[in-house]
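Peer 1: model_39.pdb (PDB, C-alpha atoms, pLDDT in the B column) pasted underneath:
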ATOM      1  CA  MET A   1       5.911  18.565 -19.933  1.00 51.00           C
ATOM      2  CA  SER A   2       6.710  19.332 -16.301  1.00 57.00           C
ATOM      3  CA  TYR A   3       9.399  17.638 -14.245  1.00 57.00           C
ATOM      4  CA  PRO A   4       9.331  17.356 -10.487  1.00 57.00           C
ATOM      5  CA  SER A   5      11.783  19.710  -8.781  1.00 56.00           C
ATOM      6  CA  GLU A   6      13.140  16.848  -6.636  1.00 59.00           C
ATOM      7  CA  ASN A   7      14.461  15.125  -9.747  1.00 62.00           C
ATOM      8  CA  PHE A   8      16.621  18.159 -10.663  1.00 63.00           C
ATOM      9  CA  THR A   9      17.869  18.472  -7.104  1.00 67.00           C
ATOM     10  CA  ALA A  10      18.944  14.832  -7.092  1.00 64.00           C
ATOM     11  CA  ARG A  11      20.657  15.233 -10.454  1.00 80.00           C
ATOM     12  CA  ALA A  12      22.456  18.374  -9.280  1.00 79.00           C
ATOM     13  CA  ALA A  13      23.715  16.495  -6.206  1.00 80.00           C
ATOM     14  CA  ILE A  14      25.022  13.677  -8.391  1.00 82.00           C
ATOM     15  CA  VAL A  15      26.726  16.129 -10.755  1.00 82.00           C
ATOM     16  CA  ASN A  16      28.303  18.012  -7.848  1.00 85.00           C
ATOM     17  CA  ARG A  17      29.525  14.769  -6.303  1.00 87.00           C
ATOM     18  CA  THR A  18      30.975  13.656  -9.651  1.00 88.00           C
ATOM     19  CA  HIS A  19      32.744  17.006 -10.103  1.00 88.00           C
ATOM     20  CA  ARG A  20      34.185  16.772  -6.599  1.00 91.00           C
ATOM     21  CA  ILE A  21      35.456  13.232  -7.233  1.00 92.00           C
ATOM     22  CA  VAL A  22      37.009  14.272 -10.543  1.00 91.00           C
ATOM     23  CA  ARG A  23      38.716  17.272  -8.881  1.00 92.00           C
ATOM     24  CA  GLU A  24      40.091  15.030  -6.095  1.00 92.00           C
ATOM     25  CA  GLN A  25      41.428  12.523  -8.623  1.00 92.00           C
ATOM     26  CA  ALA A  26      43.026  15.315 -10.655  1.00 92.00           C
ATOM     27  CA  GLN A  27      44.666  16.661  -7.497  1.00 91.00           C
ATOM     28  CA  SER A  28      46.025  13.224  -6.573  1.00 89.00           C
ATOM     29  CA  MET A  29      47.353  12.784 -10.132  1.00 88.00           C
ATOM     30  CA  ARG A  30      49.129  16.169  -9.883  1.00 88.00           C
ATOM     31  CA  GLU A  31      50.699  15.184  -6.562  1.00 85.00           C
ATOM     32  CA  GLN A  32      51.831  11.835  -7.948  1.00 83.00           C
ATOM     33  CA  ARG A  33      53.379  13.555 -10.978  1.00 81.00           C
ATOM     34  CA  ALA A  34      55.190  15.991  -8.699  1.00 77.00           C
ATOM     35  CA  ARG A  35      56.553  13.124  -6.583  1.00 73.00           C
ATOM     36  CA  SER A  36      57.785  11.243  -9.630  1.00 70.00           C
ATOM     37  CA  ARG A  37      59.469  14.401 -10.967  1.00 70.00           C
ATOM     38  CA  SER A  38      61.199  14.919  -7.649  1.00 71.00           C
ATOM     39  CA  LEU A  39      62.854  11.496  -7.970  1.00 73.00           C
ATOM     40  CA  TRP A  40      64.934  12.547 -10.976  1.00 75.00           C
ATOM     41  CA  VAL A  41      67.414  14.563  -8.903  1.00 79.00           C
ATOM     42  CA  PRO A  42      68.294  11.690  -6.515  1.00 80.00           C
ATOM     43  CA  LEU A  43      68.516   9.334  -9.489  1.00 78.00           C
ATOM     44  CA  VAL A  44      71.030  11.595 -11.240  1.00 82.00           C
ATOM     45  CA  ILE A  45      73.044  12.024  -8.044  1.00 86.00           C
ATOM     46  CA  CYS A  46      73.153   8.270  -7.451  1.00 80.00           C
ATOM     47  CA  SER A  47      74.168   7.642 -11.062  1.00 81.00           C
ATOM     48  CA  LEU A  48      77.020  10.143 -10.813  1.00 86.00           C
ATOM     49  CA  LEU A  49      78.102   8.660  -7.494  1.00 84.00           C
ATOM     50  CA  LEU A  50      78.123   5.184  -9.006  1.00 80.00           C
ATOM     51  CA  MET A  51      80.267   6.358 -11.919  1.00 83.00           C
ATOM     52  CA  VAL A  52      82.752   7.993  -9.532  1.00 85.00           C
ATOM     53  CA  VAL A  53      82.895   4.845  -7.385  1.00 79.00           C
ATOM     54  CA  CYS A  54      83.467   2.636 -10.432  1.00 76.00           C
ATOM     55  CA  TYR A  55      86.269   4.906 -11.626  1.00 80.00           C
ATOM     56  CA  SER A  56      87.916   4.925  -8.191  1.00 79.00           C
ATOM     57  CA  VAL A  57      87.716   1.120  -7.914  1.00 74.00           C
ATOM     58  CA  TRP A  58      89.220   0.792 -11.387  1.00 74.00           C
ATOM     59  CA  TYR A  59      91.994   3.214 -10.425  1.00 78.00           C
ATOM     60  CA  MET A  60      92.724   1.333  -7.199  1.00 73.00           C
ATOM     61  CA  LEU A  61      92.801  -2.032  -8.980  1.00 70.00           C
ATOM     62  CA  ASP A  62      95.125  -0.559 -11.571  1.00 69.00           C
ATOM     63  CA  GLY A  63      97.483   0.498  -8.787  1.00 67.00           C
ATOM     64  CA  TYR A  64      98.035  -3.061  -7.528  1.00 64.00           C
ATOM     65  CA  ASP A  65     101.590  -4.166  -8.079  1.00 61.00           C
ATOM     66  CA  VAL A  66     102.454  -7.765  -8.742  1.00 58.00           C
ATOM     67  CA  THR A  67     105.345  -8.984  -6.633  1.00 60.00           C
ATOM     68  CA  PRO A  68     108.106 -11.116  -8.140  1.00 64.00           C
ATOM     69  CA  SER A  69     106.362 -14.219  -6.777  1.00 66.00           C
ATOM     70  CA  GLY A  70     103.282 -13.392  -8.906  1.00 60.00           C
ATOM     71  CA  ILE A  71     101.002 -12.622  -5.950  1.00 63.00           C
ATOM     72  CA  PRO A  72      99.353  -9.191  -6.041  1.00 61.00           C
ATOM     73  CA  ASP A  73     100.096  -6.791  -3.208  1.00 61.00           C
ATOM     74  CA  ALA A  74      96.783  -6.378  -1.381  1.00 62.00           C
ATOM     75  CA  SER A  75      97.792  -3.915   1.301  1.00 64.00           C
ATOM     76  CA  ASP A  76      94.716  -1.753   0.611  1.00 65.00           C
ATOM     77  CA  GLN A  77      92.274  -4.643   0.598  1.00 68.00           C
ATOM     78  CA  ILE A  78      90.041  -3.185   3.339  1.00 69.00           C
ATOM     79  CA  MET A  79      89.833   0.107   1.480  1.00 73.00           C
ATOM     80  CA  LEU A  80      88.895  -1.739  -1.703  1.00 71.00           C
ATOM     81  CA  LEU A  81      86.129  -3.633   0.120  1.00 73.00           C
ATOM     82  CA  LEU A  82      84.786  -0.374   1.536  1.00 76.00           C
ATOM     83  CA  ILE A  83      84.767   1.244  -1.900  1.00 75.00           C
ATOM     84  CA  TRP A  84      82.926  -1.722  -3.369  1.00 73.00           C
ATOM     85  CA  SER A  85      80.315  -1.587  -0.603  1.00 80.00           C
ATOM     86  CA  ILE A  86      79.469   2.105  -1.123  1.00 81.00           C
ATOM     87  CA  PRO A  87      76.976   1.525  -3.990  1.00 78.00           C
ATOM     88  CA  VAL A  88      75.197  -1.169  -1.988  1.00 80.00           C
ATOM     89  CA  ILE A  89      74.964   1.077   1.064  1.00 85.00           C
ATOM     90  CA  VAL A  90      73.734   4.002  -1.022  1.00 84.00           C
ATOM     91  CA  ALA A  91      71.119   1.794  -2.719  1.00 83.00           C
ATOM     92  CA  ALA A  92      69.906   0.432   0.632  1.00 85.00           C
ATOM     93  CA  VAL A  93      69.651   3.907   2.164  1.00 88.00           C
ATOM     94  CA  GLY A  94      67.847   5.185  -0.940  1.00 87.00           C
ATOM     95  CA  LEU A  95      65.385   2.294  -0.823  1.00 85.00           C
ATOM     96  CA  VAL A  96      64.605   2.878   2.848  1.00 88.00           C
ATOM     97  CA  TRP A  97      64.220   6.617   2.237  1.00 89.00           C
ATOM     98  CA  PHE A  98      61.909   6.008  -0.732  1.00 87.00           C
ATOM     99  CA  GLN A  99      59.719   3.580   1.244  1.00 85.00           C
ATOM    100  CA  ARG A 100      59.429   5.985   4.180  1.00 86.00           C
ATOM    101  CA  GLU A 101      58.431   8.840   1.871  1.00 85.00           C
ATOM    102  CA  ARG A 102      55.824   6.608   0.241  1.00 82.00           C
ATOM    103  CA  GLU A 103      54.419   5.637   3.665  1.00 83.00           C
ATOM    104  CA  ARG A 104      54.225   9.309   4.683  1.00 83.00           C
ATOM    105  CA  ALA A 105      52.436  10.155   1.445  1.00 79.00           C
ATOM    106  CA  ASN A 106      49.961   7.322   1.985  1.00 78.00           C
ATOM    107  CA  GLU A 107      49.320   8.485   5.548  1.00 78.00           C
ATOM    108  CA  GLY A 108      48.635  12.000   4.275  1.00 71.00           C
ATOM    109  CA  VAL A 109      46.031  10.696   1.814  1.00 63.00           C
ATOM    110  CA  LYS A 110      44.125   8.752   4.465  1.00 58.00           C
TER     111      LYS A 110
END
Using C-alpha coordinates, write down the structure that the file contains.
Peer 2:
Amino acid sequence: MSYPSENFTARAAIVNRTHRIVREQAQSMREQRARSRSLWVPLVICSLLLMVVCYSVWYMLDGYDVTPSGIPDASDQIMLLLIWSIPVIVAAVGLVWFQRERERANEGVK
(Lines of atoms letter the chains of each structure in order from A and count residues from 1; the text may use other names and numbers.)
(Lines give C-alpha, C1' and ligand atoms only; values in the text may rest on other atoms or scores of the structure.)
Protein backbone atom coordinates (compact mmCIF):
# COMPACT_ATOMS: atom_id res chain seq x y z
CA MET A 1 0.00 0.00 0.00
CA SER A 2 1.52 3.33 -1.00
CA TYR A 3 0.75 6.67 0.63
CA PRO A 4 1.11 10.00 -1.09
CA SER A 5 4.14 11.96 0.09
CA GLU A 6 2.01 15.09 0.61
CA ASN A 7 0.06 13.32 3.34
CA PHE A 8 3.24 12.70 5.38
CA THR A 9 4.39 16.27 4.86
CA ALA A 10 1.08 17.60 6.16
CA ARG A 11 1.22 15.27 9.15
CA ALA A 12 4.80 16.30 9.92
CA ALA A 13 3.75 19.97 9.84
CA ILE A 14 0.90 19.27 12.25
CA VAL A 15 3.19 17.33 14.59
CA ASN A 16 5.81 20.09 14.51
CA ARG A 17 3.17 22.73 15.21
CA THR A 18 1.79 20.66 18.11
CA HIS A 19 5.29 20.21 19.56
CA ARG A 20 5.94 23.94 19.29
CA ILE A 21 2.65 24.76 21.04
CA VAL A 22 3.38 22.26 23.81
CA ARG A 23 6.89 23.72 24.29
CA GLU A 24 5.47 27.27 24.47
CA GLN A 25 2.86 26.21 27.03
CA ALA A 26 5.52 24.43 29.10
CA GLN A 27 7.67 27.56 29.01
CA SER A 28 4.77 29.76 30.13
CA MET A 29 3.98 27.30 32.95
CA ARG A 30 7.64 27.45 34.10
CA GLU A 31 7.56 31.26 34.09
CA GLN A 32 4.29 31.31 36.04
CA ARG A 33 5.73 28.90 38.61
CA ALA A 34 8.82 31.07 38.96
CA ARG A 35 6.67 34.18 39.49
CA SER A 36 4.57 32.47 42.14
CA ARG A 37 7.71 31.25 43.93
CA SER A 38 9.11 34.76 43.93
CA LEU A 39 6.06 35.98 45.87
CA TRP A 40 6.95 33.97 48.97
CA VAL A 41 9.73 36.34 50.05
CA PRO A 42 7.53 39.49 50.03
CA LEU A 43 4.79 37.54 51.79
CA VAL A 44 7.15 36.51 54.59
CA ILE A 45 8.50 40.06 54.90
CA CYS A 46 4.99 41.52 55.09
CA SER A 47 3.96 38.93 57.67
CA LEU A 48 6.96 39.74 59.86
CA LEU A 49 6.30 43.46 59.47
CA LEU A 50 2.69 42.97 60.49
CA MET A 51 3.73 41.03 63.60
CA VAL A 52 6.19 43.77 64.58
CA VAL A 53 3.55 46.47 64.04
CA CYS A 54 1.00 44.56 66.12
CA TYR A 55 3.52 44.15 68.93
CA SER A 56 4.44 47.84 68.85
CA VAL A 57 0.77 48.91 68.91
CA TRP A 58 0.14 46.57 71.84
CA TYR A 59 3.18 47.99 73.64
CA MET A 60 2.05 51.58 73.02
CA LEU A 61 -1.49 50.85 74.20
CA ASP A 62 -0.07 49.20 77.29
CA GLY A 63 1.88 52.37 78.04
CA TYR A 64 -1.24 54.56 78.30
CA ASP A 65 -1.73 55.82 81.81
CA VAL A 66 -5.15 56.46 83.21
CA THR A 67 -5.42 59.81 84.95
CA PRO A 68 -7.21 60.15 88.28
CA SER A 69 -10.31 61.36 86.41
CA GLY A 70 -10.46 58.01 84.56
CA ILE A 71 -9.64 59.46 81.13
CA PRO A 72 -6.66 57.87 79.38
CA ASP A 73 -3.71 60.09 78.54
CA ALA A 74 -3.63 60.21 74.74
CA SER A 75 -0.59 62.40 74.19
CA ASP A 76 0.79 59.99 71.57
CA GLN A 77 -2.47 59.65 69.68
CA ILE A 78 -1.01 60.77 66.32
CA MET A 79 1.81 58.27 66.66
CA LEU A 80 -0.70 55.52 67.44
CA LEU A 81 -2.74 56.42 64.34
CA LEU A 82 0.40 56.32 62.20
CA ILE A 83 1.37 52.91 63.57
CA TRP A 84 -2.10 51.56 62.88
CA SER A 85 -1.99 52.86 59.31
CA ILE A 86 1.32 51.17 58.44
CA PRO A 87 -0.20 47.76 57.57
CA VAL A 88 -2.80 49.41 55.34
CA ILE A 89 -0.15 51.45 53.55
CA VAL A 90 2.08 48.41 53.12
CA ALA A 91 -0.84 46.36 51.77
CA ALA A 92 -1.81 49.11 49.31
CA VAL A 93 1.76 49.52 48.07
CA GLY A 94 2.12 45.74 47.74
CA LEU A 95 -1.12 45.50 45.78
CA VAL A 96 -0.07 48.25 43.38
CA TRP A 97 3.36 46.67 42.96
CA PHE A 98 1.82 43.24 42.30
CA GLN A 99 -0.60 44.64 39.69
CA ARG A 100 2.17 46.52 37.89
CA GLU A 101 4.35 43.39 37.77
CA ARG A 102 1.41 41.41 36.40
CA GLU A 103 0.80 44.05 33.70
CA ARG A 104 4.48 43.99 32.72
CA ALA A 105 4.40 40.20 32.51
CA ASN A 106 1.29 40.31 30.34
CA GLU A 107 2.90 42.89 28.06
CA GLY A 108 5.95 40.65 27.69
CA VAL A 109 3.77 37.72 26.60
CA LYS A 110 1.99 39.71 23.90
Peer 1: What is the atom CA of Pro42 of chain A to atom CA of Gly94 of chain A distance in Å?
Peer 2: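 If I compute the distance from atom CA of Pro42 of chain A to atom CA of Gly94 of chain A, I get 8.6 Å.
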Peer 1: Just checking: using all atoms listed in the file, which residue out of A:Leu39, A:Leu61, A:Ile45, A:Ile83 ends up closest to Trp97 of chain A?
Peer 2: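 Nearest to Trp97 of chain A: A:Leu39.
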Peer 1: Identify which of the residues A:Val22, A:Val41, A:Ser28, A:Met51 lies closest to Gly108 of chain A, counting all atoms listed in the file when measuring atom-to-atom distances.
Peer 2: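 Looking at the shortest contact to Gly108 of chain A, the residue is A:Ser28.
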Peer 1: To one decimal in Å, tell me the separation between atom CA of Leu48 of chain A and atom CA of Gln32 of chain A.
Peer 2: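 It comes out at 25.4 Å.
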Peer 1: Mind giving me the straight-line distance from atom CA of Val57 of chain A to atom CA of Leu95 of chain A in Å, one decimal?
Peer 2: 23.5 Å
Peer 1: Report as a list in words the full result of the PyMOL selection byres ((chain A and resi 87) around 12) when it is applied to this structure.
Peer 2: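 Applied to this file, the PyMOL selection byres ((chain A and resi 87) around 12) returns Ile45, Cys46, Ser47, Leu48, Leu49, Leu50, Met51, Val52, Val53, Cys54, Val57, Leu81, Leu82, Ile83, Trp84, Ser85, Ile86, Val88, Ile89, Val90, Ala91, Ala92, Val93 and Gly94 of chain A.
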Peer 1: For Ser36 of chain A, list every protein, DNA or RNA residue within 12 Å, evaluated using all atoms listed in the file, and leave out those in the same chain fewer than 5 positions away; present the list as a count of residues only.
Peer 2: 9
